[in-house]
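Next comes model_4.tsv, with TSV, C-alpha atoms.
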```
chain	number	residue	atom	x	y	z
A	1	MET	CA	19.56	0.13	31.95
A	2	ASP	CA	20.35	-3.09	30.16
A	3	ASP	CA	17.89	-5.98	30.73
A	4	LEU	CA	20.68	-8.25	31.96
A	5	MET	CA	21.65	-5.69	34.59
A	6	ILE	CA	18.05	-5.35	35.75
A	7	ILE	CA	17.82	-9.14	36.09
A	8	GLU	CA	21.05	-9.12	38.10
A	9	LEU	CA	19.44	-6.56	40.43
A	10	TYR	CA	16.52	-8.96	40.94
A	11	PHE	CA	18.96	-11.76	41.71
A	12	ALA	CA	20.69	-9.48	44.20
A	13	ARG	CA	17.23	-8.78	45.73
A	14	ASP	CA	17.83	-5.08	45.15
A	15	GLU	CA	14.57	-3.10	45.08
A	16	GLN	CA	16.15	-0.80	42.54
A	17	ALA	CA	15.28	-3.61	40.08
A	18	ILE	CA	11.60	-2.70	40.29
A	19	LYS	CA	12.31	1.02	39.76
A	20	GLU	CA	14.46	0.25	36.74
A	21	THR	CA	11.79	-2.10	35.37
A	22	ASP	CA	9.22	0.64	35.79
A	23	VAL	CA	11.44	3.19	34.05
A	24	LYS	CA	12.06	0.89	31.11
A	25	TYR	CA	8.82	-1.03	30.75
A	26	GLY	CA	6.28	0.84	32.89
A	27	LYS	CA	4.61	2.58	29.97
A	28	LEU	CA	4.52	-0.59	27.86
A	29	CYS	CA	2.95	-2.53	30.74
A	30	TYR	CA	0.42	0.17	31.53
A	31	ASN	CA	-0.67	0.52	27.90
A	32	LEU	CA	-1.10	-3.25	27.56
A	33	ALA	CA	-3.16	-3.43	30.75
A	34	ASN	CA	-5.20	-0.39	29.82
A	35	ASN	CA	-5.93	-1.75	26.34
A	36	ILE	CA	-7.48	-4.80	27.99
A	37	LEU	CA	-9.15	-3.22	31.00
A	38	GLY	CA	-9.90	0.29	29.74
A	39	ASN	CA	-9.64	1.52	33.29
A	40	ASN	CA	-6.84	3.59	34.83
A	41	GLU	CA	-7.07	2.26	38.38
A	42	ASP	CA	-7.28	-1.39	37.40
A	43	SER	CA	-4.46	-0.95	34.91
A	44	GLU	CA	-2.14	0.57	37.49
A	45	GLU	CA	-3.04	-2.19	39.93
A	46	CYS	CA	-2.20	-4.81	37.31
A	47	VAL	CA	1.14	-3.18	36.58
A	48	ASN	CA	2.02	-3.17	40.30
A	49	ASP	CA	0.94	-6.81	40.60
A	50	THR	CA	3.18	-7.54	37.63
A	51	TYR	CA	6.21	-6.04	39.37
A	52	LEU	CA	5.45	-8.13	42.44
A	53	SER	CA	5.10	-11.25	40.31
A	54	VAL	CA	8.41	-10.53	38.57
A	55	TRP	CA	10.05	-9.98	41.96
A	56	ASN	CA	8.77	-13.38	43.12
A	57	LYS	CA	9.73	-15.22	39.95
A	58	ILE	CA	13.28	-13.86	39.61
A	59	PRO	CA	15.11	-15.70	41.02
A	60	PRO	CA	15.09	-18.59	40.34
A	61	THR	CA	13.79	-17.85	36.82
A	62	ARG	CA	16.29	-16.11	34.56
A	63	PRO	CA	14.27	-14.95	31.53
A	64	ASN	CA	16.02	-14.93	28.18
A	65	ASN	CA	13.71	-12.21	26.90
A	66	PHE	CA	12.86	-9.92	29.78
A	67	MET	CA	10.51	-7.70	27.76
A	68	ALA	CA	8.40	-10.64	26.56
A	69	PHE	CA	8.53	-12.16	30.05
A	70	ILE	CA	7.09	-9.05	31.67
A	71	CYS	CA	4.54	-8.52	28.87
A	72	LYS	CA	3.27	-12.05	29.34
A	73	ILE	CA	2.76	-11.51	33.05
A	74	VAL	CA	0.95	-8.19	32.69
A	75	ARG	CA	-1.22	-9.61	29.92
A	76	ASN	CA	-2.22	-12.67	31.95
A	77	LEU	CA	-2.98	-10.61	35.02
A	78	SER	CA	-5.03	-8.11	32.99
A	79	MET	CA	-7.03	-10.87	31.32
A	80	LYS	CA	-7.79	-12.42	34.70
A	81	LYS	CA	-8.83	-9.03	36.04
A	82	LEU	CA	-11.06	-8.52	33.02
A	83	ASP	CA	-12.77	-11.86	33.64
A	84	PHE	CA	-13.19	-10.91	37.28
A	85	ASN	CA	-14.69	-7.53	36.43
A	86	ARG	CA	-17.05	-9.10	33.95
A	87	ALA	CA	-18.21	-11.67	36.48
A	88	LEU	CA	-19.03	-8.86	38.87
A	89	LYS	CA	-20.61	-6.87	36.03
A	90	HIS	CA	-18.11	-4.13	36.76
A	91	THR	CA	-17.45	-3.77	33.12
A	92	GLN	CA	-19.25	-4.21	29.87
A	93	ASN	CA	-16.05	-3.59	28.05
A	94	ILE	CA	-15.85	-6.09	25.22
A	95	THR	CA	-12.91	-5.26	23.09
A	96	ALA	CA	-13.29	-5.27	19.33
A	97	SER	CA	-10.24	-7.49	19.17
A	98	PHE	CA	-12.09	-10.24	21.01
A	99	SER	CA	-14.93	-10.17	18.52
A	100	GLU	CA	-12.47	-10.36	15.65
A	101	LEU	CA	-10.71	-13.36	17.20
A	102	GLU	CA	-14.01	-15.06	17.78
A	103	GLU	CA	-14.55	-15.09	14.03
A	104	ILE	CA	-11.61	-17.45	13.77
A	105	LEU	CA	-12.17	-19.72	16.75
A	106	SER	CA	-15.30	-19.27	18.77
A	107	TYR	CA	-15.10	-19.63	22.56
A	108	THR	CA	-18.06	-21.97	22.46
A	109	ARG	CA	-16.25	-24.49	20.31
A	110	THR	CA	-14.10	-27.13	21.94
A	111	VAL	CA	-10.44	-27.53	21.15
A	112	PRO	CA	-9.82	-31.24	21.58
A	113	ASN	CA	-6.34	-32.27	22.67
A	114	CYS	CA	-5.08	-28.82	22.13
A	115	GLU	CA	-4.25	-26.72	25.11
A	116	TYR	CA	-3.62	-23.03	24.93
A	117	GLU	CA	0.12	-23.51	24.90
A	118	GLU	CA	-0.14	-25.84	21.93
A	119	LEU	CA	-2.45	-23.41	20.18
A	120	GLY	CA	0.05	-20.65	20.94
A	121	LYS	CA	2.77	-22.70	19.24
A	122	LEU	CA	0.60	-23.13	16.17
A	123	ILE	CA	-0.09	-19.40	16.06
A	124	SER	CA	3.65	-18.74	16.40
A	125	ASN	CA	4.36	-21.05	13.49
A	126	PHE	CA	1.69	-19.34	11.44
A	127	LEU	CA	3.00	-15.87	12.26
A	128	ARG	CA	6.53	-16.84	11.24
A	129	GLN	CA	5.21	-17.57	7.76
A	130	GLU	CA	3.64	-14.13	7.54
A	131	LYS	CA	5.40	-11.05	6.20
A	132	GLU	CA	7.04	-8.92	8.87
A	133	ASP	CA	4.55	-6.07	8.51
A	134	ALA	CA	1.48	-8.30	8.71
A	135	ARG	CA	2.95	-10.34	11.57
A	136	ASN	CA	3.69	-7.33	13.75
A	137	VAL	CA	0.35	-5.70	13.01
A	138	PHE	CA	-1.36	-8.95	14.05
A	139	ILE	CA	0.62	-9.15	17.29
A	140	ARG	CA	0.00	-5.48	18.09
A	141	ARG	CA	-3.71	-6.05	17.64
A	142	TYR	CA	-4.25	-9.42	19.31
A	143	TYR	CA	-1.43	-9.61	21.83
A	144	PHE	CA	-1.21	-5.96	22.90
A	145	PHE	CA	-4.83	-5.16	21.92
A	146	ASP	CA	-3.80	-1.86	20.34
A	147	SER	CA	-6.55	0.03	18.52
A	148	ILE	CA	-6.51	0.19	14.74
A	149	SER	CA	-5.65	3.89	14.82
A	150	ASP	CA	-2.76	3.30	17.24
A	151	ILE	CA	-1.30	0.60	15.01
A	152	ALA	CA	-1.73	2.81	11.94
A	153	SER	CA	0.13	5.71	13.53
A	154	ARG	CA	2.80	3.44	15.04
A	155	TYR	CA	3.70	1.89	11.69
A	156	SER	CA	2.80	4.89	9.46
A	157	PHE	CA	0.08	2.93	7.69
A	158	THR	CA	-3.44	4.06	6.86
A	159	GLU	CA	-6.22	2.63	9.01
A	160	SER	CA	-7.77	0.89	6.03
A	161	LYS	CA	-4.45	-0.79	5.28
A	162	VAL	CA	-4.23	-2.07	8.86
A	163	LYS	CA	-7.81	-3.37	8.70
A	164	ASN	CA	-7.08	-5.05	5.41
A	165	MET	CA	-3.91	-6.69	6.73
A	166	LEU	CA	-5.73	-7.97	9.81
A	167	TYR	CA	-8.62	-9.28	7.75
A	168	ARG	CA	-6.29	-11.24	5.49
A	169	SER	CA	-4.24	-12.56	8.41
A	170	ARG	CA	-7.36	-13.73	10.24
A	171	ASN	CA	-8.58	-15.59	7.17
A	172	LYS	CA	-5.19	-17.17	6.65
A	173	LEU	CA	-4.97	-18.17	10.30
A	174	ARG	CA	-8.42	-19.75	10.11
A	175	GLU	CA	-7.32	-21.81	7.11
A	176	TYR	CA	-4.04	-22.69	8.81
A	177	LEU	CA	-5.76	-23.91	11.97
A	178	LYS	CA	-8.23	-25.90	9.88
A	179	LYS	CA	-5.34	-27.55	8.09
A	180	GLU	CA	-3.71	-28.36	11.43
A	181	GLY	CA	-6.87	-30.14	12.52
A	182	ILE	CA	-8.27	-27.47	14.81
A	183	GLU	CA	-12.04	-27.27	14.62
A	184	VAL	CA	-13.04	-23.78	13.55
B	1	MET	CA	-19.14	-12.91	26.94
B	2	LYS	CA	-16.23	-15.21	27.61
B	3	THR	CA	-12.72	-14.50	26.47
B	4	PRO	CA	-12.10	-16.21	23.11
B	5	LYS	CA	-9.67	-19.11	23.21
B	6	LEU	CA	-7.48	-17.45	20.65
B	7	ALA	CA	-7.12	-14.33	22.81
B	8	ILE	CA	-5.80	-16.52	25.62
B	9	ALA	CA	-3.68	-18.63	23.26
B	10	MET	CA	-2.08	-15.47	21.86
B	11	GLY	CA	-0.50	-15.07	25.31
B	12	TYR	CA	1.54	-18.20	24.59
B	13	ILE	CA	3.18	-17.10	21.37
B	14	ASP	CA	6.97	-17.14	21.26
B	15	ASP	CA	8.86	-14.44	23.15
B	16	ASP	CA	10.85	-13.27	20.15
B	17	LEU	CA	7.63	-12.53	18.25
B	18	VAL	CA	6.38	-10.36	21.11
B	19	SER	CA	9.59	-8.37	21.49
B	20	GLY	CA	9.86	-8.18	17.69
B	21	ALA	CA	6.49	-6.44	17.48
B	22	VAL	CA	7.52	-3.95	20.19
B	23	GLU	CA	10.84	-3.11	18.61
B	24	TYR	CA	9.75	-3.25	14.96
B	25	LYS	CA	10.00	-0.03	13.02
B	26	PRO	CA	8.98	-0.15	9.36
B	27	SER	CA	11.49	1.35	7.00
B	28	LEU	CA	10.52	5.03	6.96
B	29	VAL	CA	12.98	5.66	4.14
B	30	LYS	CA	10.99	3.24	2.01
B	31	LEU	CA	7.69	4.87	2.94
B	32	VAL	CA	8.95	8.42	2.36
B	33	TRP	CA	10.57	7.39	-0.92
B	34	PHE	CA	7.34	5.79	-2.08
B	35	ARG	CA	5.30	8.84	-1.15
B	36	TYR	CA	7.66	11.18	-2.97
B	37	VAL	CA	7.60	9.03	-6.10
B	38	ALA	CA	3.81	8.90	-5.99
B	39	ALA	CA	3.60	12.68	-5.55
B	40	VAL	CA	6.03	13.34	-8.40
B	41	ALA	CA	4.19	10.91	-10.66
B	42	CYS	CA	0.89	12.66	-9.95
B	43	LEU	CA	2.48	16.05	-10.61
B	44	CYS	CA	3.88	14.81	-13.93
B	45	LEU	CA	0.47	13.50	-14.96
B	46	VAL	CA	-1.18	16.83	-14.12
B	47	LEU	CA	1.50	18.75	-16.03
B	48	LEU	CA	1.22	16.50	-19.07
B	49	GLY	CA	-2.54	16.87	-19.05
B	50	ALA	CA	-2.27	20.64	-18.76
B	51	ILE	CA	0.21	20.79	-21.65
B	52	LYS	CA	-1.98	18.61	-23.83
B	53	ILE	CA	-5.07	20.71	-23.10
B	54	THR	CA	-3.14	23.92	-23.81
B	55	ILE	CA	-1.92	22.57	-27.15
B	56	SER	CA	-5.41	21.54	-28.17
B	57	LEU	CA	-6.93	24.86	-27.12
B	58	PHE	CA	-4.26	27.04	-28.70
B	59	PRO	CA	-2.95	25.34	-31.83
B	60	LYS	CA	0.39	26.49	-33.13
B	61	SER	CA	0.07	29.68	-35.10
B	62	ASN	CA	0.76	29.42	-38.82
B	63	THR	CA	1.86	33.02	-39.20
B	64	ASN	CA	5.52	32.10	-39.33
B	65	THR	CA	5.05	28.97	-41.40
B	66	PRO	CA	6.57	29.37	-44.87
B	67	VAL	CA	4.14	29.11	-47.76
B	68	TYR	CA	5.27	27.78	-51.12
B	69	GLY	CA	3.60	27.86	-54.49
B	70	VAL	CA	4.29	25.68	-57.50
B	71	LEU	CA	2.70	24.76	-60.83
B	72	GLY	CA	2.01	21.19	-61.77
B	73	GLU	CA	0.13	18.97	-64.16
B	74	VAL	CA	-2.25	16.22	-63.05
B	75	VAL	CA	-0.84	13.03	-64.55
B	76	ALA	CA	-2.90	10.36	-62.83
B	77	ILE	CA	-5.90	9.86	-60.56
B	78	LYS	CA	-5.37	7.13	-58.00
B	79	ASP	CA	-7.96	4.60	-56.82
B	80	ASP	CA	-8.01	6.16	-53.34
B	81	GLY	CA	-8.98	9.56	-54.79
B	82	ARG	CA	-5.57	11.19	-54.62
B	83	TYR	CA	-3.74	12.75	-57.54
B	84	ASP	CA	-0.29	12.30	-58.95
B	85	VAL	CA	1.01	15.64	-60.18
B	86	ARG	CA	4.15	16.33	-62.22
B	87	ILE	CA	5.90	19.53	-61.15
B	88	THR	CA	6.15	21.87	-64.14
B	89	GLY	CA	7.11	25.15	-62.49
B	90	GLU	CA	10.13	26.45	-60.59
B	91	ASP	CA	10.19	25.57	-56.89
B	92	GLN	CA	12.82	25.45	-54.17
B	93	ASN	CA	11.61	22.08	-52.84
B	94	PHE	CA	11.04	20.14	-56.06
B	95	ALA	CA	12.72	19.86	-59.40
B	96	LYS	CA	10.80	20.10	-62.64
B	97	GLY	CA	9.48	16.66	-63.54
B	98	ASP	CA	9.17	15.42	-59.94
B	99	ILE	CA	5.95	13.52	-59.27
B	100	VAL	CA	4.09	14.51	-56.12
B	101	THR	CA	0.93	13.03	-54.60
B	102	ILE	CA	-1.88	15.31	-53.42
B	103	ASN	CA	-4.73	14.40	-51.14
B	104	TYR	CA	-8.10	15.00	-52.82
B	105	ASP	CA	-9.70	16.40	-49.65
B	106	TYR	CA	-7.55	19.47	-49.81
B	107	VAL	CA	-8.37	20.31	-53.39
B	108	SER	CA	-10.64	23.27	-54.03
B	109	ASN	CA	-11.00	25.97	-56.63
B	110	GLU	CA	-12.94	29.15	-57.05
B	111	SER	CA	-15.78	27.49	-58.92
B	112	GLY	CA	-16.25	25.03	-56.09
B	113	ASN	CA	-15.66	22.15	-58.46
B	114	ARG	CA	-13.37	19.92	-56.56
B	115	ALA	CA	-12.76	17.31	-59.17
B	116	LEU	CA	-9.56	17.43	-61.19
B	117	LYS	CA	-8.93	15.75	-64.49
B	118	THR	CA	-5.81	14.29	-65.96
B	119	GLY	CA	-4.00	17.00	-67.87
B	120	ASP	CA	-5.22	19.89	-65.67
B	121	ILE	CA	-2.56	22.48	-64.91
B	122	ILE	CA	-2.87	23.50	-61.27
B	123	ALA	CA	-1.28	26.00	-58.90
B	124	ILE	CA	-0.51	24.35	-55.58
B	125	THR	CA	-0.06	26.39	-52.44
B	126	TYR	CA	1.51	24.39	-49.63
B	127	SER	CA	3.47	24.66	-46.42
B	128	THR	CA	4.55	21.11	-45.68
B	129	TYR	CA	5.52	18.09	-47.64
B	130	GLU	CA	7.14	14.74	-46.92
B	131	LYS	CA	9.06	12.17	-48.89
B	132	THR	CA	7.80	8.59	-48.84
B	133	GLY	CA	10.16	6.30	-50.70
B	134	THR	CA	10.72	7.85	-54.07
B	135	THR	CA	7.56	9.94	-54.11
B	136	TYR	CA	6.64	13.18	-52.38
B	137	GLN	CA	3.39	13.86	-50.61
B	138	ILE	CA	2.09	17.39	-50.37
B	139	THR	CA	-0.44	18.64	-47.91
B	140	PRO	CA	-1.78	21.55	-49.88
B	141	GLY	CA	-3.28	24.66	-48.37
B	142	GLN	CA	-5.02	25.55	-51.63
B	143	ILE	CA	-5.16	24.31	-55.22
B	144	ASP	CA	-6.34	26.43	-58.13
B	145	ILE	CA	-6.89	25.13	-61.61
B	146	VAL	CA	-4.89	27.32	-63.94
B	147	GLN	CA	-5.79	25.52	-67.13
B	148	THR	CA	-8.16	22.65	-67.63
B	149	SER	CA	-7.25	19.74	-69.86
B	150	SER	CA	-8.20	20.06	-73.51
B	151	ASP	CA	-10.47	17.00	-73.49
```

In structure tokens, write the structure found in this file.
Amino acid sequence: MDDLMIIELYFARDEQAIKETDVKYGKLCYNLANNILGNNEDSEECVNDTYLSVWNKIPPTRPNNFMAFICKIVRNLSMKKLDFNRALKHTQNITASFSELEEILSYTRTVPNCEYEELGKLISNFLRQEKEDARNVFIRRYYFFDSISDIASRYSFTESKVKNMLYRSRNKLREYLKKEGIEV
Amino acid sequence: MKTPKLAIAMGYIDDDLVSGAVEYKPSLVKLVWFRYVAAVACLCLVLLGAIKITISLFPKSNTNTPVYGVLGEVVAIKDDGRYDVRITGEDQNFAKGDIVTINYDYVSNESGNRALKTGDIIAITYSTYEKTGTTYQITPGQIDIVQTSSD
């Protein structure tokens, strides 16, 4: 079903909206959650919480990009759940992606006058300058937290090519942030 | 371990970038095309190598190569050790009086004396020759001295 039609179902408070969302984006949401949490139960819980959150947000929100809207929610919920699990020592899962991102901007460093949203804008600007291949590989790795092998098979690249692209993009992003005045 | 700031900030990138990464499909035609070209190029290289090795291992047989014989007189010895020879006998490739140049390295006779003198009459056995400007160059198979010069 078309995204606009699904949104209309939400506006009509029709529960079919959730079923259609699950049919269209259920797998995407689950994979994203599972990449972060590495746990089937928690991932399914996050996906269900996402549907509830979407149900509560629409209306009044009318997202222009429904896919990105739902991805953002499931990602945020999964990250929160990961923090929660870590606090309770339920998980020792530290994704490789996190370590790679830390190379660029360590969590211990402060980011003066630069909130996450602002940092997100800067990253967006940086990614727009990148080639399409490199940009999408970067997003698959650090937004969706896909494994190197998954990205390689998705885009028909070799794993070493993916690693190489990510390495270059990280270095370029570090330089870009430095130039924009972000302490790295 | 805390979540890196960048991992959180990545959640705020523009929507079109996120959906773009989900929907993006690299041009398979380009990839397949590139792989085929690479495979064909490798195959060509292997074939060329094989041909070259075969040629070097099994040089072309000379059994069908025509062999000519002609008489000539040494008229000059060049600084680089080659000889200018005037054709004195009948031959289908040269006319009487033509001057041909012969490489010294190919010259040999029964006595093992490789040196020729001006005025020597020699029998040249050859298979190939080439014309450079107005002069001919012969790659002789064998040279025999028929008559040495009177001096």

Practice task
May I ask you to extract the residues of chain A within 7 Å of chain B, using all atoms listed in the file, and to give them as JSON, numbers by chain?
Solution key: {"A": [65, 67, 68, 72, 98, 101, 102, 105, 106, 107, 116, 117, 119, 120, 121, 123, 124, 136, 139, 140, 142, 143, 155]}

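Counting only C-alpha atoms, A:Leu37 has the following residues at most 8 Å away, ignoring those fewer than 2 positions along the same chain: Ala33, Asn34, Asn35, Asn39, Asp42, Ser43, Ser78, Met79, Lys81, Leu82 and Asn93 of chain A.
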
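Separating atom CA of A:Tyr176 from atom CA of A:Arg128 is a distance of 12.3 Å.
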
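Taking atom CA of A:Phe145 as the reference point, atom CA of A:Met165 is found at 15.3 Å.
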
Listed atoms of stretch 131-141 of chain B boxed axis-aligned with 5 Å per side, centre + edges as JSON:
```
{"center_x": 3.7, "center_y": 15.5, "center_z": -51.0, "size_x": 24.0, "size_y": 28.4, "size_z": 16.2}
```

Near stretch 117-126 of chain B, within 10 Å and counting all atoms listed in the file, which residues show up once chain neighbours fewer than 4 positions away are dropped, as a PDB file with C-alpha atoms, keeping the file's coordinate frame?
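Written output follows (out38.pdb):
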```pdb
ATOM      1  CA  PRO B  66       6.570  29.370 -44.870  1.00  0.00           C
ATOM      2  CA  VAL B  67       4.140  29.110 -47.760  1.00  0.00           C
ATOM      3  CA  TYR B  68       5.270  27.780 -51.120  1.00  0.00           C
ATOM      4  CA  GLY B  69       3.600  27.860 -54.490  1.00  0.00           C
ATOM      5  CA  VAL B  70       4.290  25.680 -57.500  1.00  0.00           C
ATOM      6  CA  LEU B  71       2.700  24.760 -60.830  1.00  0.00           C
ATOM      7  CA  GLY B  72       2.010  21.190 -61.770  1.00  0.00           C
ATOM      8  CA  GLU B  73       0.130  18.970 -64.160  1.00  0.00           C
ATOM      9  CA  VAL B  74      -2.250  16.220 -63.050  1.00  0.00           C
ATOM     10  CA  VAL B  75      -0.840  13.030 -64.550  1.00  0.00           C
ATOM     11  CA  ALA B  76      -2.900  10.360 -62.830  1.00  0.00           C
ATOM     12  CA  ILE B  77      -5.900   9.860 -60.560  1.00  0.00           C
ATOM     13  CA  TYR B  83      -3.740  12.750 -57.540  1.00  0.00           C
ATOM     14  CA  ASP B  84      -0.290  12.300 -58.950  1.00  0.00           C
ATOM     15  CA  VAL B  85       1.010  15.640 -60.180  1.00  0.00           C
ATOM     16  CA  ARG B  86       4.150  16.330 -62.220  1.00  0.00           C
ATOM     17  CA  ILE B  87       5.900  19.530 -61.150  1.00  0.00           C
ATOM     18  CA  THR B  88       6.150  21.870 -64.140  1.00  0.00           C
ATOM     19  CA  GLY B  89       7.110  25.150 -62.490  1.00  0.00           C
ATOM     20  CA  ILE B 102      -1.880  15.310 -53.420  1.00  0.00           C
ATOM     21  CA  VAL B 107      -8.370  20.310 -53.390  1.00  0.00           C
ATOM     22  CA  ASN B 109     -11.000  25.970 -56.630  1.00  0.00           C
ATOM     23  CA  ILE B 138       2.090  17.390 -50.370  1.00  0.00           C
ATOM     24  CA  THR B 139      -0.440  18.640 -47.910  1.00  0.00           C
ATOM     25  CA  PRO B 140      -1.780  21.550 -49.880  1.00  0.00           C
ATOM     26  CA  GLY B 141      -3.280  24.660 -48.370  1.00  0.00           C
ATOM     27  CA  GLN B 142      -5.020  25.550 -51.630  1.00  0.00           C
ATOM     28  CA  ILE B 143      -5.160  24.310 -55.220  1.00  0.00           C
ATOM     29  CA  ASP B 144      -6.340  26.430 -58.130  1.00  0.00           C
ATOM     30  CA  ILE B 145      -6.890  25.130 -61.610  1.00  0.00           C
ATOM     31  CA  VAL B 146      -4.890  27.320 -63.940  1.00  0.00           C
ATOM     32  CA  GLN B 147      -5.790  25.520 -67.130  1.00  0.00           C
ATOM     33  CA  THR B 148      -8.160  22.650 -67.630  1.00  0.00           C
ATOM     34  CA  SER B 149      -7.250  19.740 -69.860  1.00  0.00           C
ATOM     35  CA  SER B 150      -8.200  20.060 -73.510  1.00  0.00           C
ATOM     36  CA  ASP B 151     -10.470  17.000 -73.490  1.00  0.00           C
TER      37      ASP B 151
END
```

Problem - Distance of atom CA of A:Arg168 from atom CA of B:Cys42, expressed in Å to one decimal place - result: 29.3 Å

Fill in the blank from the handout: Shortest contact to A:Asp150, candidates A:Glu100, A:Asn31, A:Tyr167, A:Ala17, atoms counted only C-alpha atoms, goes to A:Asn31
